[in-house]
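Visitor: Have a peek at final.cif (mmCIF, C-alpha atoms).
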data_query
loop_
_atom_site.label_atom_id
_atom_site.label_comp_id
_atom_site.auth_asym_id
_atom_site.auth_seq_id
_atom_site.Cartn_x
_atom_site.Cartn_y
_atom_site.Cartn_z
CA MET Q 10 -79.60 -16.18 -64.30
CA LEU Q 11 -82.44 -17.60 -62.16
CA ALA Q 12 -82.87 -20.72 -64.31
CA TRP Q 13 -79.11 -21.31 -64.36
CA THR Q 14 -78.91 -20.95 -60.58
CA THR Q 15 -81.82 -23.35 -60.15
CA GLY Q 16 -80.09 -25.95 -62.29
CA LEU Q 17 -76.77 -25.77 -60.44
CA GLY Q 18 -78.33 -25.32 -57.03
CA ALA Q 19 -76.08 -22.42 -56.03
CA VAL Q 20 -73.81 -19.90 -57.75
CA THR Q 21 -71.22 -17.28 -56.79
CA PRO Q 22 -70.38 -13.80 -58.11
CA GLU Q 23 -67.21 -15.22 -59.67
CA ALA Q 24 -69.14 -17.94 -61.47
CA LEU Q 25 -71.70 -15.50 -62.84
CA ALA Q 26 -68.89 -13.15 -63.86
CA GLU Q 27 -67.22 -15.96 -65.81
CA ARG Q 28 -70.46 -16.98 -67.48
CA GLU Q 29 -71.52 -13.44 -68.44
CA ASP Q 30 -67.99 -12.10 -69.11
CA VAL Q 31 -68.32 -9.25 -66.62
CA SER Q 32 -66.41 -8.29 -63.49
CA ALA Q 33 -67.10 -10.05 -60.19
CA ARG Q 34 -68.20 -6.68 -58.77
CA ILE Q 35 -70.88 -6.27 -61.44
CA ALA Q 36 -71.97 -9.90 -61.10
CA GLY Q 37 -72.17 -9.57 -57.32
CA GLY Q 38 -74.29 -6.45 -57.70
CA ARG Q 39 -76.74 -8.30 -59.93
CA LEU Q 40 -77.00 -11.16 -57.46
CA ASP Q 41 -77.51 -8.82 -54.51
CA ASP Q 42 -80.18 -6.91 -56.44
CA ALA Q 43 -82.01 -10.23 -56.90
CA VAL Q 44 -81.70 -10.86 -53.15
CA ARG Q 45 -83.32 -7.50 -52.41
CA LEU Q 46 -86.16 -8.41 -54.78
CA GLY Q 47 -86.72 -11.69 -52.98
CA LEU Q 48 -85.62 -13.80 -55.96
CA LEU Q 49 -82.43 -15.19 -54.42
CA ASP Q 50 -81.11 -16.03 -50.96
CA ARG Q 51 -77.52 -15.26 -50.00
CA TRP Q 52 -75.50 -17.69 -47.88
CA SER Q 53 -72.15 -16.71 -46.32
CA VAL Q 54 -71.14 -19.92 -44.59
CA LEU Q 55 -67.34 -19.99 -44.94
CA VAL Q 56 -65.06 -17.19 -43.73
CA GLY Q 57 -62.78 -15.99 -46.52
CA TYR Q 58 -64.87 -17.49 -49.32
CA SER Q 59 -67.43 -16.08 -51.70
CA SER Q 60 -71.10 -16.17 -50.78
CA LEU Q 61 -73.39 -18.70 -52.39
CA TYR Q 62 -76.74 -17.67 -53.89
CA THR Q 63 -79.77 -19.92 -54.22
CA VAL Q 64 -83.16 -19.34 -55.84
CA THR Q 65 -86.19 -18.61 -53.67
CA PRO Q 66 -89.71 -19.89 -54.47
CA LYS Q 67 -90.49 -16.43 -55.86
CA GLY Q 68 -87.43 -16.59 -58.11
CA ARG Q 69 -88.31 -20.08 -59.33
CA GLY Q 70 -91.82 -18.90 -60.19
CA LEU Q 71 -90.51 -15.90 -62.13
CA ALA Q 72 -88.01 -17.99 -64.08
CA ARG Q 73 -90.66 -20.57 -64.93
CA LYS Q 74 -93.13 -17.90 -66.04
CA HIS Q 75 -90.79 -16.08 -68.41
CA GLN Q 76 -88.81 -18.96 -69.91
CA ASP Q 77 -90.35 -18.57 -73.39
CA ALA Q 78 -89.63 -14.84 -73.58
CA GLY Q 79 -86.14 -15.40 -72.18
CA SER Q 80 -85.24 -18.12 -74.74
CA TYR Q 81 -84.12 -20.57 -72.07
CA THR Q 82 -85.49 -23.79 -70.61
CA TYR Q 83 -86.48 -23.78 -66.97
CA PRO Q 84 -85.00 -26.83 -65.18
CA LYS Q 85 -88.08 -28.53 -63.79
CA GLY Q 86 -88.18 -31.30 -61.22
CA LEU Q 87 -85.40 -30.04 -58.96
CA GLY Q 88 -85.77 -29.68 -55.22
CA VAL Q 89 -84.59 -26.84 -53.02
CA SER Q 90 -80.83 -26.62 -52.75
CA ARG Q 91 -79.44 -26.96 -49.23
CA ILE Q 92 -76.31 -25.06 -48.24
CA GLY Q 93 -74.13 -26.46 -45.46
CA ILE Q 94 -70.59 -25.96 -44.24
CA LYS Q 95 -69.54 -29.47 -45.30
CA ASP Q 96 -70.37 -29.02 -48.99
CA ALA Q 97 -70.05 -25.25 -49.42
CA ARG Q 98 -66.46 -25.19 -50.67
CA HIS Q 99 -67.15 -27.87 -53.25
CA MET Q 100 -70.31 -26.06 -54.39
CA ILE Q 101 -68.31 -22.84 -54.86
CA ALA Q 102 -65.73 -24.63 -56.99
CA CYS Q 103 -68.32 -26.49 -59.06
CA ALA Q 104 -70.21 -23.28 -59.85
CA GLY Q 105 -67.02 -21.73 -61.19
CA VAL Q 106 -66.01 -24.79 -63.19
CA SER Q 107 -69.49 -25.12 -64.72
CA ALA Q 108 -69.49 -21.47 -65.83
CA ALA Q 109 -66.01 -21.83 -67.33
CA LEU Q 110 -67.00 -24.99 -69.22
CA GLU Q 111 -70.04 -23.22 -70.70
CA ARG Q 112 -67.81 -20.47 -72.08
CA ARG Q 113 -65.14 -22.89 -73.25
CA TYR Q 114 -67.59 -25.17 -75.08
CA PRO Q 115 -70.31 -22.97 -76.60
CA GLY Q 116 -73.23 -24.93 -77.99
CA HIS Q 117 -72.71 -27.75 -75.51
CA ARG Q 118 -75.11 -28.38 -72.65
CA VAL Q 119 -73.38 -28.35 -69.26
CA ILE Q 120 -75.44 -29.69 -66.37
CA GLY Q 121 -74.70 -30.37 -62.72
CA GLU Q 122 -75.33 -33.39 -60.56
CA ARG Q 123 -78.84 -32.21 -59.63
CA GLU Q 124 -80.04 -32.22 -63.22
CA LEU Q 125 -78.31 -35.51 -64.00
CA ARG Q 126 -80.02 -37.21 -61.04
CA ARG Q 127 -83.38 -35.88 -62.24
CA ASP Q 128 -82.77 -36.98 -65.83
CA GLU Q 129 -81.78 -40.49 -64.80
CA ARG Q 130 -84.70 -40.75 -62.39
CA GLU Q 131 -87.20 -39.67 -65.04
CA GLY Q 132 -85.60 -41.78 -67.77
CA GLY Q 133 -85.18 -44.87 -65.62
CA ARG Q 134 -81.65 -45.56 -66.83
CA ARG Q 135 -78.08 -44.46 -66.40
CA LEU Q 136 -76.90 -41.61 -68.59
CA ALA Q 137 -73.60 -40.56 -67.03
CA SER Q 138 -73.48 -42.10 -63.55
CA VAL Q 139 -71.78 -45.38 -62.69
CA GLU Q 140 -72.39 -48.28 -60.31
CA ILE Q 141 -69.71 -48.95 -57.74
CA GLY Q 142 -69.14 -51.81 -55.32
CA GLY Q 143 -69.66 -55.51 -55.05
CA VAL Q 144 -72.59 -57.68 -54.02
CA GLY Q 145 -74.45 -56.19 -51.08
CA ARG Q 146 -72.66 -52.86 -51.20
CA ARG Q 147 -73.52 -51.41 -54.57
CA ARG Q 148 -73.98 -47.66 -54.87
CA SER Q 149 -74.35 -45.10 -57.58
CA HIS Q 150 -71.69 -42.48 -58.19
CA PHE Q 151 -72.60 -39.27 -59.98
CA PRO Q 152 -70.08 -36.90 -61.56
CA ASP Q 153 -70.14 -33.25 -60.54
CA MET Q 154 -71.02 -32.16 -64.07
CA VAL Q 155 -71.79 -33.56 -67.50
CA ILE Q 156 -70.98 -31.96 -70.85
CA TRP Q 157 -73.46 -32.96 -73.56
CA PRO Q 158 -72.23 -32.36 -77.13
CA PRO Q 159 -74.21 -30.15 -79.52
CA ALA Q 160 -76.47 -31.49 -82.22
CA THR Q 161 -75.46 -32.24 -85.79
CA PRO Q 162 -77.78 -33.09 -88.69
CA ALA Q 163 -76.91 -36.75 -88.19
CA THR Q 164 -76.92 -36.84 -84.41
CA PRO Q 165 -79.85 -35.11 -82.73
CA ALA Q 166 -79.34 -32.82 -79.78
CA THR Q 167 -79.79 -33.97 -76.25
CA PRO Q 168 -83.05 -32.38 -75.13
CA ALA Q 169 -82.52 -29.78 -72.43
CA THR Q 170 -85.13 -31.12 -70.05
CA SER Q 171 -86.94 -34.38 -69.45
CA ALA Q 172 -86.45 -36.10 -72.80
CA MET Q 173 -83.06 -37.66 -72.48
CA PRO Q 174 -80.02 -38.90 -74.37
CA ALA Q 175 -79.27 -42.52 -74.80
CA THR Q 176 -76.87 -44.94 -73.32
CA SER Q 177 -74.93 -46.93 -75.89
CA GLY Q 178 -77.05 -48.66 -78.49
CA THR Q 179 -80.19 -46.53 -78.21
CA SER Q 180 -81.47 -43.26 -79.59
CA PRO Q 181 -82.60 -40.08 -77.84
CA ALA Q 182 -86.20 -39.96 -76.81
CA ALA Q 183 -86.77 -36.70 -78.67
CA SER Q 184 -84.99 -34.25 -80.92
CA SER Q 185 -85.21 -30.63 -81.90
CA MET Q 186 -83.45 -31.32 -85.22
CA PRO Q 187 -84.40 -33.66 -88.05
CA ALA Q 188 -82.07 -36.60 -88.42
CA ALA Q 189 -80.11 -37.03 -91.62
CA PRO Q 190 -81.47 -39.70 -93.96
CA VAL Q 191 -80.01 -43.16 -93.48
CA ALA Q 192 -79.13 -45.29 -96.48
CA PRO Q 193 -80.87 -48.69 -96.65
CA GLY Q 194 -78.93 -51.31 -94.74
CA GLU Q 195 -76.89 -48.79 -92.77
CA PRO Q 196 -77.31 -48.49 -88.98
CA PRO Q 197 -78.76 -45.20 -87.78
CA PRO Q 198 -76.21 -42.68 -86.48
CA GLN Q 199 -75.60 -42.84 -82.76
CA PRO Q 200 -75.79 -39.71 -80.62
CA PRO Q 201 -72.45 -38.34 -79.40
CA LEU Q 202 -71.58 -39.43 -75.90
CA PRO Q 203 -71.23 -37.03 -72.97
CA VAL Q 204 -68.12 -36.18 -70.97
CA ALA Q 205 -68.28 -36.61 -67.19
CA VAL Q 206 -66.52 -33.98 -65.07
CA GLU Q 207 -65.21 -34.42 -61.53
CA VAL Q 208 -63.92 -31.62 -59.27
CA GLU Q 209 -61.53 -33.02 -56.66
CA LEU Q 210 -60.66 -30.80 -53.69
CA THR Q 211 -59.59 -33.48 -51.20
CA SER Q 212 -57.68 -36.74 -51.29
CA LYS Q 213 -59.82 -39.87 -51.23
CA GLY Q 214 -58.93 -43.10 -49.50
CA LYS Q 215 -57.15 -45.53 -51.81
CA GLU Q 216 -60.03 -48.04 -51.87
CA GLU Q 217 -62.67 -45.42 -52.68
CA LEU Q 218 -60.48 -43.79 -55.31
CA MET Q 219 -59.75 -47.08 -57.07
CA GLU Q 220 -63.42 -48.13 -57.01
CA ASN Q 221 -64.37 -44.85 -58.70
CA LEU Q 222 -61.64 -45.10 -61.31
CA ARG Q 223 -62.43 -48.73 -62.15
CA ALA Q 224 -66.10 -47.85 -62.59
CA TRP Q 225 -65.26 -44.98 -64.96
CA ALA Q 226 -62.79 -47.17 -66.86
CA ARG Q 227 -65.56 -49.74 -67.46
CA CYS Q 228 -68.18 -47.16 -68.46
CA ARG Q 229 -69.11 -47.28 -72.15
CA TYR Q 230 -71.80 -44.59 -72.26
CA VAL Q 231 -69.53 -41.62 -71.59
CA GLU Q 232 -66.90 -40.45 -74.06
CA ALA Q 233 -64.36 -39.60 -71.36
CA VAL Q 234 -63.99 -38.50 -67.75
CA LEU Q 235 -62.30 -35.19 -66.98
CA TYR Q 236 -60.90 -34.59 -63.50
CA PHE Q 237 -59.90 -31.17 -62.16
CA ALA Q 238 -57.61 -31.58 -59.13
CA GLU Q 239 -57.02 -28.68 -56.74
CA THR Q 240 -53.53 -29.70 -55.58
CA ARG Q 241 -50.58 -31.49 -57.07
CA LYS Q 242 -50.91 -34.23 -54.45
CA ILE Q 243 -54.48 -35.00 -55.53
CA GLU Q 244 -53.42 -34.88 -59.18
CA GLU Q 245 -50.60 -37.37 -58.58
CA GLU Q 246 -52.90 -39.74 -56.68
CA LEU Q 247 -55.36 -39.68 -59.55
CA LEU Q 248 -52.65 -40.26 -62.16
CA ASP Q 249 -51.22 -43.20 -60.18
CA GLY Q 250 -54.69 -44.76 -59.91
CA ILE Q 251 -55.46 -44.23 -63.59
CA GLU Q 252 -52.20 -45.92 -64.53
CA GLU Q 253 -53.04 -48.85 -62.24
CA VAL Q 254 -56.42 -49.44 -63.90
CA LYS Q 255 -54.94 -48.76 -67.36
CA ALA Q 256 -57.48 -46.04 -68.17
CA GLU Q 257 -55.18 -43.38 -69.61
CA GLU Q 258 -57.33 -43.14 -72.74
CA GLU Q 259 -60.62 -42.80 -70.86
CA ILE Q 260 -59.72 -40.56 -67.88
CA VAL Q 261 -57.90 -37.23 -68.09
CA VAL Q 262 -56.57 -35.19 -65.16
CA ASN Q 263 -55.97 -31.44 -65.19
CA PRO Q 264 -55.11 -29.00 -62.40
CA LEU Q 265 -58.08 -27.00 -61.15
CA SER Q 266 -56.15 -23.84 -62.04
CA GLU Q 267 -56.47 -24.83 -65.71
CA ILE Q 268 -60.21 -24.07 -65.66
CA LEU Q 269 -60.89 -22.01 -62.51
CA LYS Q 270 -59.55 -18.49 -61.99
CA PRO Q 271 -58.11 -17.58 -58.57
CA GLN Q 272 -60.82 -16.37 -56.20
CA PRO Q 273 -61.43 -16.07 -52.45
CA GLY Q 274 -60.50 -19.36 -50.81
CA PHE Q 275 -58.96 -20.75 -54.00
CA PRO Q 276 -55.49 -19.25 -54.55
CA LEU Q 277 -54.83 -22.23 -56.87
CA ILE Q 278 -51.17 -22.55 -56.01
CA ASP Q 279 -49.66 -26.03 -56.36
CA GLU Q 280 -49.08 -27.68 -53.00
#
How does this structure look as structure tokens?
Guide:
Amino acid sequence: MLAWTTGLGAVTPEALAEREDVSARIAGGRLDDAVRLGLLDRWSVLVGYSSLYTVTPKGRGLARKHQDAGSYTYPKGLGVSRIGIKDARHMIACAGVSAALERRYPGHRVIGERELRRDEREGGRRLASVEIGGVGRRRSHFPDMVIWPPATPATPATPATSAMPATSGTSPAASSMPAAPVAPGEPPPQPPLPVAVEVELTSKGKEELMENLRAWARCRYVEAVLYFAETRKIEEELLDGIEEVKAEEEIVVNPLSEILKPQPGFPLIDE
């Protein structure tokens, strides 16, 4: 729980309940117990919404110390997560979506933006972010989450920490599985590409939306981009933009209610 929270930055009782397949009441009790032990901090920044929980220095130290016994990998190289009113609602939604994706795709590695930024920084190359803008105004855009496929004998797993997967045309830096033998003259098998995930809670301006969609449509080192839109209006704006850039095969849009269960602040009723 502590390592997972460190990786995402912040979690909610509903997200932990989804991930552990328990009730939100039980999950909230576990989180509050960790607060009393000094392992987590609790942030209630939005009225009518679930609280967010972040890991304290004591919690980070405990998770790092016991990662071998706990059969998990501690996400190193991540700074302290900051909770503010502006981003709190999006953080709540992303925690829930990440937990649901983990349950829906067992064996896959689901990471958030924090871990992706660290991986790209340490690897010195893009893995699932895209460059947006023209000369003099270029910027990087990071998805909210990335789903890395599991390993097969022919395609090694994406390492869970600093050793990283490849962009197109290269191989992972490390592997926990032996690669299948390659026949003479045949190219080595390429690792499966990740899926980028975006959680959209507000409408973007037309220019910003189209820049993002064009960048994703051009991207050749992700398998696909999956959008979850909170409202029907946002969904329709995304679908119109995707049609305009002719990226129906690369970008998929689903309602947020398809992955996230109703919870405080998210009735998930089409508007």
Visitor: So that I can see what lies close to segment 245-259 of chain Q, please list as a list in words the residues with an atom at most 7 Å from it, counting only C-alpha atoms and leaving out residues fewer than 4 positions away in the same chain.
Guide: Met219, Leu222, Arg223, Ala226, Ala233, Val234 and Arg241 of chain Q
Visitor: Can you work out the spacing between atom CA of Val20 of chain Q and atom CA of Glu207 of chain Q in Å, to one decimal?
Guide: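 Straight-line distance from atom CA of Val20 of chain Q to atom CA of Glu207 of chain Q works out to 17.3 Å.
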Visitor: Can you pull out the residues contacting Ala43 of chain Q? Cut-off 10 Å, using all atoms listed in the file, and skip same-chain residues under 3 positions away; I want them as a PDB file with C-alpha atoms, in the coordinates of the input.
Guide:
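What ended up in result_17.pdb:
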ATOM      1  CA  MET Q  10     -79.600 -16.180 -64.300  1.00  0.00           C
ATOM      2  CA  LEU Q  11     -82.440 -17.600 -62.160  1.00  0.00           C
ATOM      3  CA  GLY Q  37     -72.170  -9.570 -57.320  1.00  0.00           C
ATOM      4  CA  GLY Q  38     -74.290  -6.450 -57.700  1.00  0.00           C
ATOM      5  CA  ARG Q  39     -76.740  -8.300 -59.930  1.00  0.00           C
ATOM      6  CA  LEU Q  40     -77.000 -11.160 -57.460  1.00  0.00           C
ATOM      7  CA  LEU Q  46     -86.160  -8.410 -54.780  1.00  0.00           C
ATOM      8  CA  GLY Q  47     -86.720 -11.690 -52.980  1.00  0.00           C
ATOM      9  CA  LEU Q  48     -85.620 -13.800 -55.960  1.00  0.00           C
ATOM     10  CA  LEU Q  49     -82.430 -15.190 -54.420  1.00  0.00           C
ATOM     11  CA  ASP Q  50     -81.110 -16.030 -50.960  1.00  0.00           C
ATOM     12  CA  ARG Q  51     -77.520 -15.260 -50.000  1.00  0.00           C
ATOM     13  CA  TYR Q  62     -76.740 -17.670 -53.890  1.00  0.00           C
ATOM     14  CA  VAL Q  64     -83.160 -19.340 -55.840  1.00  0.00           C
ATOM     15  CA  THR Q  65     -86.190 -18.610 -53.670  1.00  0.00           C
ATOM     16  CA  GLY Q  68     -87.430 -16.590 -58.110  1.00  0.00           C
TER      17      GLY Q  68
END
Visitor: Would you write out, as a PyMOL selection string, every residue that the PyMOL selection byres ((chain Q and resi 212) around 8) captures in this file?
Guide: chain Q and resi 209-211+213-214+242-243+246
Visitor: To test your reading of the syntax: which residues would the PyMOL selection byres ((chain Q and resi 267-278) around 6) return for the file shown? Reply as a VMD selection string.
Guide: chain Q and resid 57 to 58 106 264 to 266 279
Visitor: Do a neighbour search on Val54 of chain Q at 9 Å with only C-alpha atoms, toss out local chain neighbours closer than 4 positions, and write the hits as an mmCIF file with C-alpha atoms, in the coordinates of the input.
Guide:
data_model
loop_
_atom_site.group_PDB
_atom_site.id
_atom_site.type_symbol
_atom_site.label_atom_id
_atom_site.label_comp_id
_atom_site.auth_asym_id
_atom_site.auth_seq_id
_atom_site.Cartn_x
_atom_site.Cartn_y
_atom_site.Cartn_z
ATOM 1 C CA TYR Q 58 -64.870 -17.490 -49.320
ATOM 2 C CA SER Q 59 -67.430 -16.080 -51.700
ATOM 3 C CA SER Q 60 -71.100 -16.170 -50.780
ATOM 4 C CA LEU Q 61 -73.390 -18.700 -52.390
ATOM 5 C CA ILE Q 92 -76.310 -25.060 -48.240
ATOM 6 C CA GLY Q 93 -74.130 -26.460 -45.460
ATOM 7 C CA ILE Q 94 -70.590 -25.960 -44.240
ATOM 8 C CA ALA Q 97 -70.050 -25.250 -49.420
#
Visitor: In Å, with one decimal, what is the gap from atom CA of Val89 of chain Q to atom CA of Pro66 of chain Q?
Guide: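 Atom CA of Pro66 of chain Q lies at a distance of 8.8 Å from atom CA of Val89 of chain Q.
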Visitor: Using only C-alpha atoms, which residues sit within 7 Å of Ala224 of chain Q once same-chain residues fewer than 5 positions away are excluded, as a PyMOL selection string?
Guide: chain Q and resi 139-141
Visitor: Mind telling me what the PyMOL selection byres ((chain Q and resi 235) around 10) catches here, as a list of chain:residue names?
Guide: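 Evaluating the PyMOL selection byres ((chain Q and resi 235) around 10) on these coordinates yields Q:Pro152, Q:Met154, Q:Val155, Q:Val204, Q:Ala205, Q:Val206, Q:Glu207, Q:Val208, Q:Glu232, Q:Ala233, Q:Val234, Q:Tyr236, Q:Phe237, Q:Ala238, Q:Glu259, Q:Ile260, Q:Val261, Q:Val262, Q:Asn263.
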Visitor: In Å, with one decimal, what is the gap from atom CA of Glu131 of chain Q to atom CA of Asp96 of chain Q?
Guide: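 Pair atom CA of Glu131 of chain Q / atom CA of Asp96 of chain Q returns 25.6 Å.
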Visitor: Got a sec: who's within 8 Å of Glu124 of chain Q, counting all atoms listed in the file, leaving out chain neighbours fewer than 4 positions off, as JSON, numbers by chain?
Guide: {"Q": [16, 17, 84, 87, 120, 128]}
Visitor: Of the candidates Q:Leu136, Q:Ala12, Q:Leu218, Q:Ala24, which shows the shortest atom-to-atom distance to Val231 of chain Q, using all atoms listed in the file?
Guide: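 Closest to Val231 of chain Q, using all atoms listed in the file: Q:Leu136.
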Visitor: Which of these residues is nearest to Thr14 of chain Q, using all atoms listed in the file: Q:Gly142, Q:Pro203, Q:Pro158, Q:Gly121?
Guide: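 Distance minimum relative to Thr14 of chain Q lands on Q:Gly121.
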Visitor: Quick one: of Q:Arg135, Q:Arg34, Q:His117, Q:Trp13, who's nearest to Phe151 of chain Q, counting only C-alpha atoms?
Guide: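 Of Q:Arg135, Q:Arg34, Q:His117, Q:Trp13, the one nearest Phe151 of chain Q, counting only C-alpha atoms, is Q:Arg135.
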Visitor: Find the residue from Q:Glu244, Q:Ile156, Q:Thr82, Q:Val31 that sits nearest to Glu122 of chain Q; use all atoms listed in the file when measuring.
Guide: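 Looking only at the distances to Glu122 of chain Q, the closest residue turns out to be Q:Ile156.
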Visitor: Since the input has fewer atoms than a full residue there, write segment 26-34 of chain Q out with all heavy atoms, as a tab-separated table (two decimals), in the coordinates of the input.
Guide:
chain	number	residue	atom	x	y	z
Q	26	ALA	N	-69.79	-14.02	-63.10
Q	26	ALA	CA	-68.89	-13.15	-63.86
Q	26	ALA	C	-68.24	-13.90	-65.01
Q	26	ALA	O	-68.12	-13.38	-66.13
Q	26	ALA	CB	-67.82	-12.58	-62.93
Q	27	GLU	N	-67.82	-15.13	-64.76
Q	27	GLU	CA	-67.22	-15.96	-65.81
Q	27	GLU	C	-68.22	-16.26	-66.90
Q	27	GLU	O	-67.92	-16.16	-68.09
Q	27	GLU	CB	-66.70	-17.26	-65.20
Q	27	GLU	CG	-66.14	-18.27	-66.19
Q	27	GLU	CD	-64.83	-17.83	-66.81
Q	27	GLU	OE1	-64.10	-17.06	-66.16
Q	27	GLU	OE2	-64.54	-18.25	-67.95
Q	28	ARG	N	-69.42	-16.60	-66.51
Q	28	ARG	CA	-70.46	-16.98	-67.48
Q	28	ARG	C	-70.89	-15.80	-68.33
Q	28	ARG	O	-71.10	-15.94	-69.54
Q	28	ARG	CB	-71.66	-17.56	-66.73
Q	28	ARG	CG	-72.74	-18.15	-67.63
Q	28	ARG	CD	-73.79	-18.83	-66.78
Q	28	ARG	NE	-74.69	-19.62	-67.59
Q	28	ARG	CZ	-75.92	-19.23	-67.94
Q	28	ARG	NH1	-76.37	-18.04	-67.54
Q	28	ARG	NH2	-76.70	-20.02	-68.67
Q	29	GLU	N	-71.02	-14.62	-67.73
Q	29	GLU	CA	-71.52	-13.44	-68.44
Q	29	GLU	C	-70.41	-12.55	-68.97
Q	29	GLU	O	-70.69	-11.52	-69.60
Q	29	GLU	CB	-72.44	-12.64	-67.51
Q	29	GLU	CG	-73.62	-13.42	-66.95
Q	29	GLU	CD	-74.60	-13.81	-68.03
Q	29	GLU	OE1	-74.60	-13.18	-69.10
Q	29	GLU	OE2	-75.39	-14.77	-67.81
Q	30	ASP	N	-69.14	-12.89	-68.68
Q	30	ASP	CA	-67.99	-12.10	-69.11
Q	30	ASP	C	-68.08	-10.66	-68.59
Q	30	ASP	O	-67.96	-9.69	-69.34
Q	30	ASP	CB	-67.87	-12.11	-70.64
Q	30	ASP	CG	-66.50	-11.61	-71.11
Q	30	ASP	OD1	-65.55	-11.63	-70.30
Q	30	ASP	OD2	-66.38	-11.20	-72.28
Q	31	VAL	N	-68.31	-10.54	-67.29
Q	31	VAL	CA	-68.32	-9.25	-66.62
Q	31	VAL	C	-67.42	-9.36	-65.40
Q	31	VAL	O	-66.90	-10.43	-65.08
Q	31	VAL	CB	-69.75	-8.83	-66.20
Q	31	VAL	CG1	-70.64	-8.67	-67.43
Q	31	VAL	CG2	-70.36	-9.84	-65.22
Q	32	SER	N	-67.23	-8.25	-64.70
Q	32	SER	CA	-66.41	-8.29	-63.49
Q	32	SER	C	-67.19	-8.94	-62.35
Q	32	SER	O	-68.43	-8.98	-62.34
Q	32	SER	CB	-66.00	-6.88	-63.08
Q	32	SER	OG	-67.12	-6.15	-62.62
Q	33	ALA	N	-66.45	-9.45	-61.36
Q	33	ALA	CA	-67.10	-10.05	-60.19
Q	33	ALA	C	-67.91	-9.00	-59.43
Q	33	ALA	O	-68.94	-9.32	-58.82
Q	33	ALA	CB	-66.06	-10.69	-59.29
Q	34	ARG	N	-67.46	-7.75	-59.46
Q	34	ARG	CA	-68.20	-6.68	-58.77
Q	34	ARG	C	-69.56	-6.48	-59.42
Q	34	ARG	O	-70.58	-6.36	-58.72
Q	34	ARG	CB	-67.40	-5.38	-58.81
Q	34	ARG	CG	-68.08	-4.21	-58.10
Q	34	ARG	CD	-67.27	-2.94	-58.25
Q	34	ARG	NE	-67.17	-2.56	-59.66
Q	34	ARG	CZ	-68.11	-1.89	-60.32
Q	34	ARG	NH1	-69.25	-1.55	-59.71
Q	34	ARG	NH2	-67.93	-1.57	-61.58
